[in-house]
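The next block holds one structure in the form of structure tokens; read it before the comments.
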Amino acid sequence: MTKLTPLALQNTPALIESVFPAQKVSFESQRERKAGAGQTLTALGSYWKGRKPLILVRAIVLGSLLPPTDDAEKDLEIYEQLLAFDEGGLARRALANNAFKPKDIVQALALPNPWDYFAYTLKGGLTAAEVESRQAPFNSDALGITLRWQRDISDADKLDLVAQMLRTLPNYEARAALCKRPEELDQTELFAPIWAPVNAHYQHLGINAHSHQELVEQLGMLRFGHRPKVGDTFCGGGSIPFEAARLGCDVYASDLNPIACMLTWGALNIIGAASEKRAEIEQAQREVAEAVDAEITALGIEHDSHGNRAKAYLYCLETRCPETGWMVPLSPNWVISKNRNVVAKLIPDTERQRFDIEIYSGVSVEEMKAAEFGTIQNGNLTYSLNGKTYITSIKTLRGDHKDISGNMANRLRRWRKYDFKPQSDDLFQERLYCIQWITADTLDKKQKETFFATVIEADLARERQVEKIVAENIEQWQQHGLIPDMEIEPGDKTDEPIRTRGWTYWHQLFNARQLLMLSILSKNCLTPVSQVFLSRTLNRSSKLCMWEGKIGYESSSQVFTNQALNVLFNYGVRAWSFLESVFYEEALQNAPVYSKESLFQHAAPQCQTLSDIWITDPPYADAVHYHEITEFFIAWLRKNPPAPFNEWVWDSRRALAIKGSGDDFRRGMVEAYTAMTQHMPDNGMQCVMFTHQDTGVWSDMVGIFWAAGLQVVGAWYIATETTSELKKGGYVQGTVILMLRKRPAGDKPGFKQKILPAVRREVEAQISQMLHLNADVKNKLGEPVFNDSDLQMAGYAAALKVLTGYTSIGGEDVTAFALRPRQKGQVTVVDEIVQQASEAANSLLIPEGLQPDTWNAIKGIQRFYLRMLDIETTGAAKLDNYQNFAKAFHVEDYTKVMASMAPNKARLKSIEEFTSRDVGDSTEIGPTYLGHLIIALQQLLQDKEPHIVLDYLNTDVTNFMEARPLLINMIDFIAAKTRVDKVRDVAEILGARLRNQRLA
């Protein structure tokens, strides 16, 4: 057997530079994100929205260590086995998920003797002999038999049948959707079968591994002479260092933000704790929860006189109507529970000029619909009294206006340091209007019974008791750091609580009951583990937690349902009986980490430790404002942090945070990546993830890496994010994975005239290589490795590989060039070259069925429509595909040719769906060959004679005779790709007429 030789791969490229299963990683990444609370690290703090999927990190780490061989197809096969993307891995994942029932299998597969695998129970009709004489496939339900697995069937036989079932599905996405995610399964069992083929493939290197950790260590020895070390200077929620450590790498993690450091510490030391340590952690958490429960119970603030215990309290704001003088409760709706038909109703009290709020359960459908409309509608106070409806804008109530400096102002009183509730003359008052109770006889049972009740005087007395305790203790609590005394600093995301409520201190985002409960919890949280869970609890217990009764949950939401501080008119407060399960989580996943890790709080440019591979997810053009929103947590934790948290600066340090745009952003990023490059061996590698939405960022990022002494060696596009209403706007939908190495030493001057041909050659070579691998794998497995986005990214990477290899362009030093302030509208040489690369790549991505001459003759909207029409036929089109190709083809407004922009239902307009306005001469598509063909086809659909349609084309298409071969090719393409039969019919007629005319 070959002996493993340290540094044997020292100068060998990494597999990820040329091969990456991007489509499969995209699908698995999105599945992981959609798993919500099922994600491994989410339980520590779902408020950190920017974690990259663990499966993506795993793929990057492995791809950065694995070497390519002379068999690219086998390299890919092994790579996918290590990720459980291969047929065997999918079968094991599908079996674990019980993806196929016995009845599904016998109905789909040809099995000569299904009774080798299945037992049956007769429900009537057939005899045992008749059943046992049958071969599959058959419909067991129709035959009146119930099937189950034979008790003595082996796992190997089960896996074989599951694999056969998976092969009946059309593509990877359909197969993987039936499987558990790799991280959900026991890793030893999931990967046990792969080590023999892995070791055989790399036997020439001396690889002999039986786990990912052993393989990673051996690959590290081969490349770097030691176990590999992965660094991340923007560690955020901790997914990169955690997954690298779980794979067996040593890790170095740092972040300027103390909340990021805390979450990364939690990932490594709570989720990554050994099983014995986890047992200790859980016991300690249980003891804290019990101590808090005992103190709250002793105060008597959550129990009524019947022994019932509160589960949740519902509050709303209240204000005086300027027209009537009545006090009006404020809420967008009055639905308490959609599932149990519980609503709140406003009952006028004429004597006191206010409304009582009564709770009704089991109301009619009509009453439920009425409750969906509250007293806040379209930003207005809206209510009816004595048959008259009154409407007043909330902005008017607040007195919103611009001051002499042009800043927004209003007449809201600014709350002071010890304020925790409104003063009697404040515009907005706060009011308890409903309580959800747990019945006394089910308090100690697993299944608890609850009911919603109107607030009575005894409840209000307990509220006054809570307020009295807070009023008497708030100053002392703040001094001891049990509740915040920190002011809210104005900012993009922190202005809203100040402007719309007058709150000026962070504790004012919590009501009296929450402050009392959280002060007791904070007093008992003396360990780093408990502080991690205190933060998670804060995210579920503030006045920014929406009551979710209208959407079907008897629960309150998180504060950070998105990346903002959204103030509310009504909110839900969890009593400790309900909040306890947030603090004390019994179902945390456990993924022990045994490698060495180091964690520091500092800015990225201050890194001091050598790492073999840097993997970073830096801030960029649409970055989340974590430096502002995490002050919500910092305000609570900053005074009494336990070790090792006490080594950190408990401040968001806004001034030092790298913001995602402008010259300061580029300078900060150059400093960060220069520091990482200097702390990386000559054969080290960097992976940078960033958004692909802002095309201007491309040139900035190129300049940044250029100035940092790095050269791009690969790029991949990954769809990592799920789309939801909460993420509309600038937030990232996909991720570009850029792979970089140190630029070779020495000067290498370049000139645009020399660089452009080199870029085109590199782009053509890269895409040609990928298309060749695509064809090989498609012939074997029925689907390609790379999609169009991957090929497009590879084109960019090839260009950037050439470009970032130079040290000067046209006599200008690249560092000076990168740091020079950008002028608005300026097109730099980098922009030009990146554009040339894009066009070179796109010219090679010819849709199947179009001739190269046709493709080269058309541009812009025509290329976009035909390219996407081709993609739609594969069923693989997603909204980001349309967005990316619209940018690539320089389409002015691609939405004009879209029938739907819904994220999961995006599609082009079919020929018959275009209106005359869509294809007029003033439109982008109208004057083109494609525009004329659309009009011609629509005329045929309207039963116009073909010769009239041909006359139209002959008259309206410039140089008709020269264009006719292109028109024929395009019309044949439309006929082949359209899903509409009548469009196909007329397209075939028009194509035939054009050909005959040519022959005439």
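Ligands are numbered from 1 in the order shown, residues from 1 within each chain, and chains are lettered A, B, ... in the order they appear in the structure tokens.
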
DSSP on the backbone, alpha helix (DSSP H) only: what residues of segment 112-352 of chain A does that give? Format it as a count of residues only.
95

Could you give me, as a Markdown table, a per-residue list for segment 36-148 of chain A showing, wherever an atom lies at most 7 Å from an atom of segment 229-253 of chain A, the closest pair of atoms and their distance in Å to one decimal, using only C-alpha atoms and sorting by chain then residue number from low to high?
| residue | atom | partner | partner_atom | distance |
| --- | --- | --- | --- | --- |
| A:Trp48 | CA | A:Gly237 | CA | 6.0 |
| A:Arg51 | CA | A:Gly237 | CA | 5.4 |
| A:Lys52 | CA | A:Ser239 | CA | 6.2 |
| A:Leu54 | CA | A:Glu243 | CA | 6.0 |
| A:Val57 | CA | A:Ile240 | CA | 5.9 |
| A:Arg58 | CA | A:Glu243 | CA | 6.3 |
| A:Val61 | CA | A:Ala244 | CA | 6.8 |

Output of the above residues as a PDB file, in the first residue's frame, restricted to C-alpha atoms:
ATOM      1  CA  TRP A  48     -29.136  35.699  13.180  1.00  0.00           C
ATOM      2  CA  ARG A  51     -25.943  31.810   8.506  1.00  0.00           C
ATOM      3  CA  LYS A  52     -24.773  29.986   5.421  1.00  0.00           C
ATOM      4  CA  LEU A  54     -23.927  23.785   6.701  1.00  0.00           C
ATOM      5  CA  VAL A  57     -19.814  24.902   4.007  1.00  0.00           C
ATOM      6  CA  ARG A  58     -19.144  21.143   4.000  1.00  0.00           C
ATOM      7  CA  VAL A  61     -14.220  22.568   2.761  1.00  0.00           C
TER       8      VAL A  61
END

Taking into account only C-alpha atoms, which residue in the set A:Glu580, A:Glu351, A:Glu463, A:Glu988 is nearest to Ile968 of chain A?
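Closest to Ile968 of chain A, using only C-alpha atoms: A:Glu988.
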
Could you pull the residues within 12 Å of segment 746-757 of chain A, counting only C-alpha atoms, minus those fewer than 2 positions along the same chain, as a PyMOL selection string?
chain A and resi 709+742-744+759-764+798-814+828-840

Write a file of the selected residues as a short mmCIF file (atom, residue, chain, number, x, y, z; two decimals), in the first residue's frame, keeping N, CA and C atoms.
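Result file selection.cif:
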data_model
loop_
_atom_site.label_atom_id
_atom_site.label_comp_id
_atom_site.auth_asym_id
_atom_site.auth_seq_id
_atom_site.Cartn_x
_atom_site.Cartn_y
_atom_site.Cartn_z
N GLY A 709 -3.79 41.06 -3.10
CA GLY A 709 -2.80 40.11 -3.57
C GLY A 709 -3.36 38.74 -3.88
N LYS A 742 -3.22 33.03 -3.64
CA LYS A 742 -2.27 34.13 -3.69
C LYS A 742 -1.81 34.35 -5.13
N ARG A 743 -1.71 35.61 -5.52
CA ARG A 743 -1.18 35.90 -6.86
C ARG A 743 0.31 35.62 -6.87
N PRO A 744 0.82 34.96 -7.92
CA PRO A 744 2.25 34.67 -7.99
C PRO A 744 3.10 35.92 -7.82
N VAL A 759 -8.73 36.87 -22.03
CA VAL A 759 -9.98 36.60 -21.30
C VAL A 759 -10.87 35.70 -22.13
N ARG A 760 -11.06 36.04 -23.40
CA ARG A 760 -11.95 35.24 -24.25
C ARG A 760 -11.45 33.81 -24.37
N ARG A 761 -10.14 33.62 -24.52
CA ARG A 761 -9.59 32.26 -24.64
C ARG A 761 -9.83 31.48 -23.35
N GLU A 762 -9.61 32.13 -22.20
CA GLU A 762 -9.79 31.44 -20.92
C GLU A 762 -11.26 31.08 -20.69
N VAL A 763 -12.15 32.00 -21.03
CA VAL A 763 -13.59 31.74 -20.88
C VAL A 763 -14.00 30.56 -21.75
N GLU A 764 -13.58 30.57 -23.01
CA GLU A 764 -13.95 29.48 -23.93
C GLU A 764 -13.40 28.14 -23.45
N ALA A 798 -13.26 32.71 -15.06
CA ALA A 798 -12.16 32.60 -16.02
C ALA A 798 -11.60 33.98 -16.35
N ALA A 799 -12.49 34.94 -16.53
CA ALA A 799 -12.05 36.31 -16.82
C ALA A 799 -11.29 36.89 -15.64
N LEU A 800 -11.85 36.68 -14.46
CA LEU A 800 -11.21 37.25 -13.27
C LEU A 800 -9.89 36.57 -12.97
N LYS A 801 -9.79 35.29 -13.33
CA LYS A 801 -8.52 34.58 -13.15
C LYS A 801 -7.43 35.26 -13.97
N VAL A 802 -7.77 35.60 -15.21
CA VAL A 802 -6.81 36.30 -16.07
C VAL A 802 -6.53 37.69 -15.52
N LEU A 803 -7.60 38.41 -15.23
CA LEU A 803 -7.49 39.80 -14.84
C LEU A 803 -6.69 39.97 -13.54
N THR A 804 -7.04 39.16 -12.52
CA THR A 804 -6.39 39.32 -11.22
C THR A 804 -4.98 38.75 -11.19
N GLY A 805 -4.52 38.20 -12.31
CA GLY A 805 -3.13 37.75 -12.40
C GLY A 805 -2.17 38.89 -12.68
N TYR A 806 -2.68 40.05 -13.08
CA TYR A 806 -1.83 41.19 -13.40
C TYR A 806 -1.59 42.06 -12.18
N THR A 807 -0.48 42.76 -12.18
CA THR A 807 -0.17 43.68 -11.07
C THR A 807 -0.40 45.13 -11.46
N SER A 808 -0.54 45.39 -12.75
CA SER A 808 -0.89 46.74 -13.19
C SER A 808 -1.65 46.63 -14.51
N ILE A 809 -2.51 47.61 -14.74
CA ILE A 809 -3.31 47.66 -15.96
C ILE A 809 -3.08 49.02 -16.60
N GLY A 810 -2.55 49.00 -17.81
CA GLY A 810 -2.30 50.26 -18.50
C GLY A 810 -1.37 51.18 -17.74
N GLY A 811 -0.43 50.58 -17.01
CA GLY A 811 0.55 51.38 -16.27
C GLY A 811 0.10 51.79 -14.88
N GLU A 812 -1.15 51.47 -14.49
CA GLU A 812 -1.63 51.86 -13.16
C GLU A 812 -1.58 50.67 -12.21
N ASP A 813 -0.98 50.87 -11.05
CA ASP A 813 -0.89 49.82 -10.04
C ASP A 813 -2.29 49.40 -9.61
N VAL A 814 -2.49 48.09 -9.48
CA VAL A 814 -3.85 47.60 -9.22
C VAL A 814 -4.36 48.01 -7.84
N THR A 828 -15.13 51.51 -15.66
CA THR A 828 -13.68 51.29 -15.54
C THR A 828 -13.24 50.18 -16.48
N VAL A 829 -11.93 49.99 -16.56
CA VAL A 829 -11.40 48.91 -17.39
C VAL A 829 -11.83 47.56 -16.83
N VAL A 830 -11.99 47.47 -15.51
CA VAL A 830 -12.47 46.22 -14.92
C VAL A 830 -13.91 45.97 -15.37
N ASP A 831 -14.74 47.00 -15.33
CA ASP A 831 -16.12 46.85 -15.79
C ASP A 831 -16.15 46.36 -17.23
N GLU A 832 -15.29 46.94 -18.06
CA GLU A 832 -15.23 46.57 -19.47
C GLU A 832 -14.86 45.10 -19.64
N ILE A 833 -13.84 44.68 -18.90
CA ILE A 833 -13.35 43.31 -19.06
C ILE A 833 -14.36 42.30 -18.52
N VAL A 834 -14.97 42.62 -17.37
CA VAL A 834 -16.01 41.74 -16.84
C VAL A 834 -17.17 41.64 -17.83
N GLN A 835 -17.49 42.77 -18.45
CA GLN A 835 -18.56 42.76 -19.45
C GLN A 835 -18.17 41.88 -20.65
N GLN A 836 -16.95 41.99 -21.08
CA GLN A 836 -16.47 41.17 -22.19
C GLN A 836 -16.55 39.69 -21.83
N ALA A 837 -16.20 39.37 -20.58
CA ALA A 837 -16.26 37.98 -20.13
C ALA A 837 -17.70 37.47 -20.15
N SER A 838 -18.61 38.32 -19.69
CA SER A 838 -20.02 37.94 -19.69
C SER A 838 -20.50 37.65 -21.09
N GLU A 839 -20.14 38.51 -22.02
CA GLU A 839 -20.58 38.32 -23.41
C GLU A 839 -19.93 37.09 -24.03
N ALA A 840 -18.67 36.85 -23.69
CA ALA A 840 -17.99 35.65 -24.21
C ALA A 840 -18.67 34.39 -23.69
#

The residue from A:Leu427, A:Ile296, A:Val328, A:Leu62 with the smallest atom-to-atom distance to Val216 of chain A, counting only C-alpha atoms, is A:Leu62

Name all residues at most 10 Å from Asp152 of chain A (count only C-alpha atoms; drop same-chain ones fewer than 6 positions away) and give them as a PyMOL selection string.
chain A and resi 116-118

For Pro847 of chain A, please output as a list in words all residues within 8 Å (counting only C-alpha atoms; exclusion window: fewer than 6 positions along the same chain).
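After dropping sequence-adjacent residues, the list is Leu866, Arg867 and Asp870 of chain A.
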